[in-house]
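The next block holds one structure in the form of structure tokens; read it before the comments.
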Amino acid sequence: MIGRGELNLLKMENSTKFNQEYYDRNVNNNITKVHKNGHKNGVNGKNGNGHIQDDWKKDFHESFEETPLVAAILTYLCYFVMVVIGYIRENFRYYGLEEDKTISEPKLEGFVPLYQSWESFYTRNMYRRVRDCWNRPIASKAGPYIDVLERKSEDHNWHLDITGKKLNVMNLGSYNYLGFSENTGACATSSIDSVSQAGVGVCSTRQEYGYSNIHKELDTVTAEFLGVEAAITFPMGFATNSMNLPCFMQKGCLLLSDELNHASLVLGSRLTGATIRVFKHNNIKDLEKKLKTAIIEGQPRTHRAWKKILIVVEGVYSMEGSIVRLPEILELKKKYKAYVYLDEAHSIGALGPHGRGVTDYFGINPKEIDIMMGTFTKSFGAAGGYIGGSKTLINYLKANSHSAVYSCSMSPPVAKQVITSMKIIMGQMNGNDGLRRIRQLAWNTRYIRRRLQEMGFIVYGNKDSPVVPVLIYYPTKVVALSRKCLAEGLGIVVVGFPATPIIESRARLCLSASHTPEMLDKTLELFDKFGTELKLKYSKKSRIADYREDDSILIS
């Protein structure tokens, strides 16, 4: 018995009974008629049928191989050496033995430093040496190939100058999961046409004169796509989390957050004023332990029952490539009368036989999720975000969300891009092009994961996650791999400390439906070459993957 912890979050209806007729009519649309070949991406080819499969764990394959001890020790040593050299050079600059090229904060009498910190030291002495591997400007659409502007430095990366040369490289760094980042085709045409109708911007909020028929259509189509009663859209994905979480939680509430949640969720959680408990990544036992303890002990000092409890998780974790264990999360939700906030920024469009995200992947009724959040910046090739749920929830947000009340509405061409791409995915436009993209992404994902594992790389995440982290560990090797790949025509993203744990630097590949098998084979060829050259094949596990890409039947 939780008492007031049984909550009354906007009197939302948490119906756990699945209405199959409604789901088929409003969510699956025409696509359900296409999927009759017995091969579906997800849980043993059975997901998307409207109920959770009891055997989903049998096909839930995730890999997180432990960091090799030698790699961990040498990685720490690399950073130690860089820090020592950094402090030596800082002293050289202080005494005038080395030219100080930094833009330092002026020392004002009586004022403490405003922004000088350890981060500044790290930027000057470590990041500066390798910053050519990041912030690379492009001069093209973010499609399967991109034009990267070449930069060179004559002073060891203190300054990077654009040479004017363009490097055409394969793009495995953008979140263009379904390949809708295009400058031709139905989406581009509809966006261009909307400019003549509604202009580029509306110059107002949705509560004043910033809500047009295009925005109304966007809200309606988004709700239909998600399979929920209603939806509200926002012009910025990050603000969709950070500005809306405070609408639901406040002092006296308990918020349970996965330790690897995105920065927007972390910021939004802090802004709520609620008590925050962080549980181990995707660890259901740890989550339940913290839930039990919190309910038994109640609020700090007063020990009163919590006003409400909210579990905050993501569908696909963008740094680990893992997928939330949603069926088990929902079991805890029902057991302890908590609410669930699901961030589908990286899973919507990219998972499930119909591209409806992680609920589609597990065959779960979307109405079982209290608050469904996602962004349009990945699978839809646009910008902005959404929240879907009950009509009561959405009406509350329309009146209380800072992101809705105070921000300018989404640009009409961007809204049209989202509407058109969603209709294509649902099969309402362009025939079966949406299904073709979904299946191609599923095939590409499993294919490249399987091949990398067979080569001996340590690959993190779920077999169906289009985010593919390849562990590199050493900061020196991270930089070497990035530069070598770019020189050979492959654009990848590399990530290191402080964005990752200090001993888990990695290369992160993002798969797209627009990647052809030839492009993937070329990528694998380069990784095999550089993996051998740089000695990056650390895996000690069996190189025979227990899954294949054949489950996804491609459409030409």
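Ordering of the structure tokens sets the chain letters (A, B, ...); residue numbers start at 1 within each chain; ligands are numbered from 1 in the order shown.
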
Could you pull the residues within 9 Å of Val478 (chain A), counting only C-alpha atoms, minus those fewer than 3 positions along the same chain, as a PDB file with all heavy atoms, in the first residue's frame?
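Printed below is part_19.pdb as written:
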```pdb
ATOM      1  N   ILE A 472      37.347   1.041 -28.262  1.00  0.00           N
ATOM      2  CA  ILE A 472      38.729   1.316 -28.664  1.00  0.00           C
ATOM      3  C   ILE A 472      39.641   1.443 -27.440  1.00  0.00           C
ATOM      4  O   ILE A 472      40.797   1.062 -27.473  1.00  0.00           O
ATOM      5  CB  ILE A 472      38.801   2.622 -29.496  1.00  0.00           C
ATOM      6  CG1 ILE A 472      37.758   2.596 -30.630  1.00  0.00           C
ATOM      7  CG2 ILE A 472      40.203   2.815 -30.061  1.00  0.00           C
ATOM      8  CD1 ILE A 472      37.949   1.494 -31.628  1.00  0.00           C
ATOM      9  N   TYR A 473      39.137   2.034 -26.363  1.00  0.00           N
ATOM     10  CA  TYR A 473      39.806   2.202 -25.062  1.00  0.00           C
ATOM     11  C   TYR A 473      40.867   3.299 -25.073  1.00  0.00           C
ATOM     12  O   TYR A 473      40.703   4.322 -24.429  1.00  0.00           O
ATOM     13  CB  TYR A 473      40.400   0.882 -24.561  1.00  0.00           C
ATOM     14  CG  TYR A 473      39.381  -0.211 -24.415  1.00  0.00           C
ATOM     15  CD1 TYR A 473      39.428  -1.363 -25.199  1.00  0.00           C
ATOM     16  CD2 TYR A 473      38.330  -0.083 -23.510  1.00  0.00           C
ATOM     17  CE1 TYR A 473      38.458  -2.354 -25.063  1.00  0.00           C
ATOM     18  CE2 TYR A 473      37.360  -1.075 -23.370  1.00  0.00           C
ATOM     19  CZ  TYR A 473      37.440  -2.199 -24.155  1.00  0.00           C
ATOM     20  OH  TYR A 473      36.491  -3.169 -24.030  1.00  0.00           O
ATOM     21  N   TYR A 474      41.981   3.103 -25.770  1.00  0.00           N
ATOM     22  CA  TYR A 474      43.105   4.041 -25.702  1.00  0.00           C
ATOM     23  C   TYR A 474      42.757   5.364 -26.394  1.00  0.00           C
ATOM     24  O   TYR A 474      42.317   5.357 -27.551  1.00  0.00           O
ATOM     25  CB  TYR A 474      44.345   3.455 -26.385  1.00  0.00           C
ATOM     26  CG  TYR A 474      44.804   2.142 -25.819  1.00  0.00           C
ATOM     27  CD1 TYR A 474      44.307   0.937 -26.314  1.00  0.00           C
ATOM     28  CD2 TYR A 474      45.754   2.094 -24.799  1.00  0.00           C
ATOM     29  CE1 TYR A 474      44.730  -0.276 -25.811  1.00  0.00           C
ATOM     30  CE2 TYR A 474      46.193   0.878 -24.286  1.00  0.00           C
ATOM     31  CZ  TYR A 474      45.676  -0.301 -24.792  1.00  0.00           C
ATOM     32  OH  TYR A 474      46.102  -1.504 -24.281  1.00  0.00           O
ATOM     33  N   PRO A 475      42.980   6.494 -25.736  1.00  0.00           N
ATOM     34  CA  PRO A 475      42.692   7.778 -26.392  1.00  0.00           C
ATOM     35  C   PRO A 475      43.525   7.992 -27.649  1.00  0.00           C
ATOM     36  O   PRO A 475      43.060   8.604 -28.616  1.00  0.00           O
ATOM     37  CB  PRO A 475      43.032   8.812 -25.304  1.00  0.00           C
ATOM     38  CG  PRO A 475      43.945   8.111 -24.357  1.00  0.00           C
ATOM     39  CD  PRO A 475      43.520   6.675 -24.378  1.00  0.00           C
ATOM     40  N   LEU A 481      42.255   6.083 -35.258  1.00  0.00           N
ATOM     41  CA  LEU A 481      41.199   5.451 -36.049  1.00  0.00           C
ATOM     42  C   LEU A 481      40.355   6.500 -36.769  1.00  0.00           C
ATOM     43  O   LEU A 481      40.035   6.348 -37.957  1.00  0.00           O
ATOM     44  CB  LEU A 481      40.313   4.593 -35.157  1.00  0.00           C
ATOM     45  CG  LEU A 481      39.141   3.896 -35.859  1.00  0.00           C
ATOM     46  CD1 LEU A 481      39.655   2.877 -36.879  1.00  0.00           C
ATOM     47  CD2 LEU A 481      38.214   3.228 -34.848  1.00  0.00           C
ATOM     48  N   SER A 482      40.006   7.566 -36.069  1.00  0.00           N
ATOM     49  CA  SER A 482      39.181   8.612 -36.677  1.00  0.00           C
ATOM     50  C   SER A 482      39.884   9.244 -37.878  1.00  0.00           C
ATOM     51  O   SER A 482      39.275   9.431 -38.939  1.00  0.00           O
ATOM     52  CB  SER A 482      38.865   9.689 -35.634  1.00  0.00           C
ATOM     53  OG  SER A 482      38.130  10.741 -36.209  1.00  0.00           O
ATOM     54  N   ARG A 483      41.143   9.561 -37.717  1.00  0.00           N
ATOM     55  CA  ARG A 483      41.892  10.210 -38.806  1.00  0.00           C
ATOM     56  C   ARG A 483      42.105   9.265 -39.976  1.00  0.00           C
ATOM     57  O   ARG A 483      41.985   9.657 -41.140  1.00  0.00           O
ATOM     58  CB  ARG A 483      43.227  10.714 -38.266  1.00  0.00           C
ATOM     59  CG  ARG A 483      43.089  11.908 -37.330  1.00  0.00           C
ATOM     60  CD  ARG A 483      44.399  12.255 -36.658  1.00  0.00           C
ATOM     61  NE  ARG A 483      44.278  13.444 -35.808  1.00  0.00           N
ATOM     62  CZ  ARG A 483      45.188  13.822 -34.931  1.00  0.00           C
ATOM     63  NH1 ARG A 483      46.301  13.110 -34.762  1.00  0.00           N
ATOM     64  NH2 ARG A 483      45.012  14.914 -34.201  1.00  0.00           N
ATOM     65  N   VAL A 494      33.819   9.318 -33.054  1.00  0.00           N
ATOM     66  CA  VAL A 494      34.547   8.701 -31.955  1.00  0.00           C
ATOM     67  C   VAL A 494      34.217   9.471 -30.677  1.00  0.00           C
ATOM     68  O   VAL A 494      34.022  10.684 -30.704  1.00  0.00           O
ATOM     69  CB  VAL A 494      36.072   8.675 -32.197  1.00  0.00           C
ATOM     70  CG1 VAL A 494      36.413   7.706 -33.311  1.00  0.00           C
ATOM     71  CG2 VAL A 494      36.606  10.065 -32.517  1.00  0.00           C
ATOM     72  N   VAL A 495      34.151   8.749 -29.573  1.00  0.00           N
ATOM     73  CA  VAL A 495      33.724   9.343 -28.306  1.00  0.00           C
ATOM     74  C   VAL A 495      34.679   8.908 -27.204  1.00  0.00           C
ATOM     75  O   VAL A 495      35.040   7.738 -27.115  1.00  0.00           O
ATOM     76  CB  VAL A 495      32.288   8.904 -27.937  1.00  0.00           C
ATOM     77  CG1 VAL A 495      31.752   9.748 -26.788  1.00  0.00           C
ATOM     78  CG2 VAL A 495      31.369   8.984 -29.135  1.00  0.00           C
ATOM     79  N   GLY A 496      35.070   9.865 -26.386  1.00  0.00           N
ATOM     80  CA  GLY A 496      35.971   9.548 -25.282  1.00  0.00           C
ATOM     81  C   GLY A 496      35.603  10.309 -24.025  1.00  0.00           C
ATOM     82  O   GLY A 496      34.578  10.992 -23.963  1.00  0.00           O
ATOM     83  N   SER A 505      36.516   4.505 -24.075  1.00  0.00           N
ATOM     84  CA  SER A 505      36.451   5.298 -25.311  1.00  0.00           C
ATOM     85  C   SER A 505      36.057   4.380 -26.465  1.00  0.00           C
ATOM     86  O   SER A 505      36.414   3.197 -26.482  1.00  0.00           O
ATOM     87  CB  SER A 505      37.802   5.945 -25.592  1.00  0.00           C
ATOM     88  OG  SER A 505      38.135   6.864 -24.579  1.00  0.00           O
ATOM     89  N   ARG A 506      35.364   4.936 -27.440  1.00  0.00           N
ATOM     90  CA  ARG A 506      34.800   4.069 -28.487  1.00  0.00           C
ATOM     91  C   ARG A 506      34.585   4.811 -29.798  1.00  0.00           C
ATOM     92  O   ARG A 506      34.583   6.047 -29.840  1.00  0.00           O
ATOM     93  CB  ARG A 506      33.454   3.522 -28.007  1.00  0.00           C
ATOM     94  CG  ARG A 506      32.407   4.610 -27.802  1.00  0.00           C
ATOM     95  CD  ARG A 506      31.266   4.141 -26.935  1.00  0.00           C
ATOM     96  NE  ARG A 506      31.687   3.892 -25.569  1.00  0.00           N
ATOM     97  CZ  ARG A 506      30.878   3.502 -24.590  1.00  0.00           C
ATOM     98  NH1 ARG A 506      29.601   3.329 -24.840  1.00  0.00           N
ATOM     99  NH2 ARG A 506      31.330   3.278 -23.377  1.00  0.00           N
ATOM    100  N   ALA A 507      34.396   4.032 -30.836  1.00  0.00           N
ATOM    101  CA  ALA A 507      33.882   4.557 -32.103  1.00  0.00           C
ATOM    102  C   ALA A 507      32.410   4.185 -32.143  1.00  0.00           C
ATOM    103  O   ALA A 507      32.026   3.083 -31.743  1.00  0.00           O
ATOM    104  CB  ALA A 507      34.611   3.935 -33.279  1.00  0.00           C
TER     105      ALA A 507
END
```

Would you please give, as JSON, numbers by chain, all residues of region 220-319 of chain A that DSSP assigns to helix (DSSP H, G or I) based on the backbone? {"A": [220, 221, 222, 223, 224, 225, 226, 237, 238, 239, 240, 241, 242, 245, 246, 247, 248, 263, 264, 265, 266, 267, 268, 269, 270, 271, 272, 284, 285, 286, 287, 288, 289, 290, 291, 292, 293, 294, 295, 296, 297]}

Measure the distance from CA of Leu342 (chain A) to CA of Glu259 (chain A) in Å and round it to one decimal.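 Pair CA of Leu342 (chain A) / CA of Glu259 (chain A) returns 14.4 Å.
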
Pick the closest to Asp528 (chain A) from A:Asn283, A:Thr163, A:Gln453, A:Gln428: which is it, counting only C-alpha atoms?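 Of A:Asn283, A:Thr163, A:Gln453, A:Gln428, the one nearest Asp528 (chain A) is A:Gln453, counting only C-alpha atoms.
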
As a PyMOL selection string, please: the residues near Gln417 (chain A) (cut-off 7 Å, only C-alpha atoms, same-chain neighbours under 5 positions excluded). chain A and resi 187-188+190-191+382

Filtering to N, CA, C and O atoms, could you give me those residues as a compact mmCIF listing (two decimals), in the first residue's frame?
```
# COMPACT_ATOMS: atom_id res chain seq x y z
N CYS A 187 9.38 13.97 -49.27
CA CYS A 187 9.55 14.81 -48.09
C CYS A 187 10.06 16.20 -48.47
O CYS A 187 9.54 17.23 -48.00
N ALA A 188 11.08 16.23 -49.30
CA ALA A 188 11.65 17.52 -49.72
C ALA A 188 10.62 18.34 -50.51
O ALA A 188 10.49 19.56 -50.30
N SER A 190 7.28 18.21 -50.31
CA SER A 190 6.23 18.73 -49.43
C SER A 190 6.73 19.88 -48.57
O SER A 190 5.99 20.84 -48.31
N SER A 191 7.99 19.82 -48.14
CA SER A 191 8.56 20.91 -47.34
C SER A 191 8.69 22.18 -48.17
O SER A 191 8.38 23.28 -47.69
N ALA A 382 14.35 15.56 -39.42
CA ALA A 382 13.81 16.91 -39.23
C ALA A 382 14.36 17.51 -37.92
O ALA A 382 15.53 17.34 -37.60
```

Excluding same-chain residues fewer than 5 positions from Pro68 (chain A), what lies within 10 Å of it counting only C-alpha atoms, as a PyMOL selection string? chain A and resi 73+473+503+538-540

Can you check which parts of region 207-302 of chain A lie within 10 Å of region 318-333 of chain A? Per residue, the shortest pair of atoms and distance in Å to one decimal, counting only C-alpha atoms, sorted by chain and number, as a Markdown table.
```
| residue | atom | partner | partner_atom | distance |
| --- | --- | --- | --- | --- |
| A:Asp258 | CA | A:Val324 | CA | 9.8 |
| A:Leu260 | CA | A:Met319 | CA | 8.3 |
| A:Asn261 | CA | A:Ser318 | CA | 9.1 |
| A:His262 | CA | A:Ser318 | CA | 8.2 |
| A:His281 | CA | A:Val324 | CA | 9.0 |
| A:Asn282 | CA | A:Val324 | CA | 6.2 |
| A:Asn283 | CA | A:Arg325 | CA | 8.6 |
| A:Ile284 | CA | A:Glu328 | CA | 7.0 |
| A:Lys285 | CA | A:Glu328 | CA | 9.8 |
| A:Leu287 | CA | A:Leu332 | CA | 8.7 |
| A:Glu288 | CA | A:Leu332 | CA | 7.0 |
| A:Leu291 | CA | A:Leu332 | CA | 8.8 |
```

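Considering only C-alpha atoms, the residue among A:Thr523, A:Asn241, A:Asn213, A:Gln250 positioned nearest to Ile492 (chain A) is A:Thr523.
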
Got a sec: who's within 12 Å of Asp433 (chain A), counting only C-alpha atoms, leaving out chain neighbours fewer than 2 positions off, as a ChimeraX atom specification? /A:31,34,178-180,185-186,354,421-431,435-440,513-514,554-556

When DSSP works through the backbone of this structure, what residues of region 337-514 of chain A end up as strand (DSSP E), shown as a short mmCIF file (atom, residue, chain, number, x, y, z; two decimals) with N, CA, C and O atoms, in the first residue's frame?
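The file below, states-v7.cif, is the result:
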```
data_model
loop_
_atom_site.label_atom_id
_atom_site.label_comp_id
_atom_site.auth_asym_id
_atom_site.auth_seq_id
_atom_site.Cartn_x
_atom_site.Cartn_y
_atom_site.Cartn_z
N TYR A 339 4.56 5.55 -12.37
CA TYR A 339 4.35 5.96 -13.75
C TYR A 339 5.65 5.79 -14.54
O TYR A 339 6.73 5.76 -13.97
N VAL A 340 5.53 5.68 -15.86
CA VAL A 340 6.68 5.47 -16.72
C VAL A 340 6.77 6.61 -17.75
O VAL A 340 5.79 6.92 -18.44
N TYR A 341 7.96 7.19 -17.84
CA TYR A 341 8.28 8.21 -18.84
C TYR A 341 9.29 7.57 -19.79
O TYR A 341 10.40 7.24 -19.39
N LEU A 342 8.90 7.38 -21.05
CA LEU A 342 9.74 6.69 -22.03
C LEU A 342 10.24 7.66 -23.09
O LEU A 342 9.45 8.25 -23.83
N ASP A 343 11.55 7.82 -23.16
CA ASP A 343 12.20 8.68 -24.17
C ASP A 343 12.57 7.81 -25.37
O ASP A 343 13.46 6.97 -25.28
N ILE A 371 3.74 8.36 -20.34
CA ILE A 371 4.25 9.53 -21.06
C ILE A 371 5.24 9.04 -22.11
O ILE A 371 6.31 8.51 -21.78
N MET A 372 4.89 9.19 -23.37
CA MET A 372 5.75 8.76 -24.47
C MET A 372 6.39 10.00 -25.10
O MET A 372 5.70 10.88 -25.61
N MET A 373 7.70 10.06 -25.04
CA MET A 373 8.43 11.19 -25.59
C MET A 373 9.32 10.71 -26.73
O MET A 373 9.80 9.57 -26.72
N GLY A 374 9.56 11.57 -27.69
CA GLY A 374 10.48 11.24 -28.77
C GLY A 374 10.89 12.49 -29.51
O GLY A 374 10.39 13.59 -29.24
N THR A 375 11.81 12.33 -30.45
CA THR A 375 12.26 13.48 -31.24
C THR A 375 12.10 13.18 -32.73
O THR A 375 12.01 12.03 -33.14
N GLY A 385 10.48 17.76 -31.19
CA GLY A 385 10.14 16.58 -30.41
C GLY A 385 8.65 16.52 -30.15
O GLY A 385 7.88 17.40 -30.56
N TYR A 386 8.21 15.47 -29.46
CA TYR A 386 6.79 15.28 -29.17
C TYR A 386 6.61 14.60 -27.82
O TYR A 386 7.54 13.98 -27.28
N ILE A 387 5.42 14.71 -27.29
CA ILE A 387 4.98 13.91 -26.15
C ILE A 387 3.61 13.37 -26.49
O ILE A 387 2.73 14.12 -26.95
N GLY A 388 3.42 12.07 -26.31
CA GLY A 388 2.14 11.43 -26.60
C GLY A 388 1.58 10.79 -25.35
O GLY A 388 2.31 10.36 -24.46
N GLY A 389 0.27 10.71 -25.28
CA GLY A 389 -0.39 10.09 -24.13
C GLY A 389 -1.88 10.29 -24.20
O GLY A 389 -2.47 10.42 -25.28
N GLY A 461 25.95 -3.36 -26.91
CA GLY A 461 24.56 -3.11 -27.23
C GLY A 461 23.77 -4.29 -27.72
O GLY A 461 24.23 -5.44 -27.74
N ASN A 462 22.54 -3.98 -28.11
CA ASN A 462 21.58 -4.98 -28.56
C ASN A 462 21.74 -5.25 -30.05
O ASN A 462 22.08 -4.36 -30.83
N VAL A 467 22.50 1.88 -33.27
CA VAL A 467 23.68 2.52 -32.71
C VAL A 467 24.67 1.41 -32.36
O VAL A 467 24.37 0.54 -31.54
N VAL A 468 25.86 1.45 -32.98
CA VAL A 468 26.82 0.35 -32.85
C VAL A 468 28.14 0.88 -32.26
O VAL A 468 28.99 1.38 -32.98
N PRO A 469 28.32 0.78 -30.93
CA PRO A 469 29.58 1.23 -30.32
C PRO A 469 30.66 0.14 -30.43
O PRO A 469 30.44 -1.01 -30.05
N VAL A 470 31.81 0.52 -30.96
CA VAL A 470 32.96 -0.37 -31.07
C VAL A 470 34.03 0.14 -30.11
O VAL A 470 34.53 1.26 -30.26
N LEU A 471 34.39 -0.66 -29.12
CA LEU A 471 35.29 -0.22 -28.06
C LEU A 471 36.73 -0.11 -28.54
O LEU A 471 37.26 -1.04 -29.16
N LEU A 490 35.78 7.34 -44.99
CA LEU A 490 34.76 6.87 -44.05
C LEU A 490 34.62 7.87 -42.91
O LEU A 490 35.58 8.14 -42.19
N GLY A 491 33.42 8.43 -42.76
CA GLY A 491 33.16 9.37 -41.67
C GLY A 491 32.49 8.68 -40.50
O GLY A 491 31.38 8.16 -40.62
N VAL A 493 32.01 8.68 -35.94
CA VAL A 493 32.06 9.47 -34.71
C VAL A 493 32.85 8.69 -33.67
O VAL A 493 32.57 7.50 -33.44
N VAL A 494 33.82 9.32 -33.05
CA VAL A 494 34.55 8.70 -31.95
C VAL A 494 34.22 9.47 -30.68
O VAL A 494 34.02 10.68 -30.70
N VAL A 495 34.15 8.75 -29.57
CA VAL A 495 33.72 9.34 -28.31
C VAL A 495 34.68 8.91 -27.20
O VAL A 495 35.04 7.74 -27.12
N ARG A 506 35.36 4.94 -27.44
CA ARG A 506 34.80 4.07 -28.49
C ARG A 506 34.58 4.81 -29.80
O ARG A 506 34.58 6.05 -29.84
N ALA A 507 34.40 4.03 -30.84
CA ALA A 507 33.88 4.56 -32.10
C ALA A 507 32.41 4.18 -32.14
O ALA A 507 32.03 3.08 -31.74
N ARG A 508 31.58 5.12 -32.59
CA ARG A 508 30.14 4.86 -32.61
C ARG A 508 29.63 4.95 -34.04
O ARG A 508 29.66 6.02 -34.66
N LEU A 509 29.18 3.82 -34.57
CA LEU A 509 28.62 3.78 -35.93
C LEU A 509 27.11 3.89 -35.84
O LEU A 509 26.48 3.25 -34.99
N CYS A 510 26.52 4.70 -36.70
CA CYS A 510 25.07 4.83 -36.77
C CYS A 510 24.60 4.33 -38.12
O CYS A 510 24.95 4.90 -39.16
#
```

Write out as a PyMOL selection string which residues come within 12 Å of Lys529 (chain A) when counting only C-alpha atoms, dropping same-chain ones fewer than 3 positions away. chain A and resi 452+455+481+484-485+488+522-526+532-537

Considering only C-alpha atoms, return as number ranges by chain whatever protein or nucleic-acid residues lie within 10 Å of Lys101 (chain A), sequence-local ones (same chain, fewer than 4 positions apart) excluded. A: 93, 124, 155, 158-159

Enter the distance from CA of Thr102 (chain A) to CA of Lys165 (chain A), in Å, rounded to one decimal. 27.5 Å

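You can rank A:Ser411, A:Glu504, A:Thr233, A:Tyr175 by their closest distance to Thr67 (chain A) using only C-alpha atoms, and at the top of that list sits A:Glu504.
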
Could you check the closest approach to Pro366 (chain A) for each of A:Glu208, A:Asp193, A:Asp219, A:Glu224 and tell me which residue wins, using only C-alpha atoms?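 Smallest separation from Pro366 (chain A) among the options: A:Glu224.
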
Residue with smallest distance to Ile348 (chain A) - pool A:Leu441, A:Leu520, A:Ala499, A:Leu226, counting only C-alpha atoms: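 Closest to Ile348 (chain A) of all the choices is A:Leu226.
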
Point-to-point distance in Å for CA of Ala487 (chain A) and CA of Leu149 (chain A):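 Spanning CA of Leu149 (chain A) to CA of Ala487 (chain A) is a straight-line distance of 12.4 Å.
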
Nearest candidate to Pro413 (chain A) (options A:Tyr460, A:Leu245, A:Ala294, A:Ala383; using only C-alpha atoms):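 Smallest distance to Pro413 (chain A) is found for A:Ala383.
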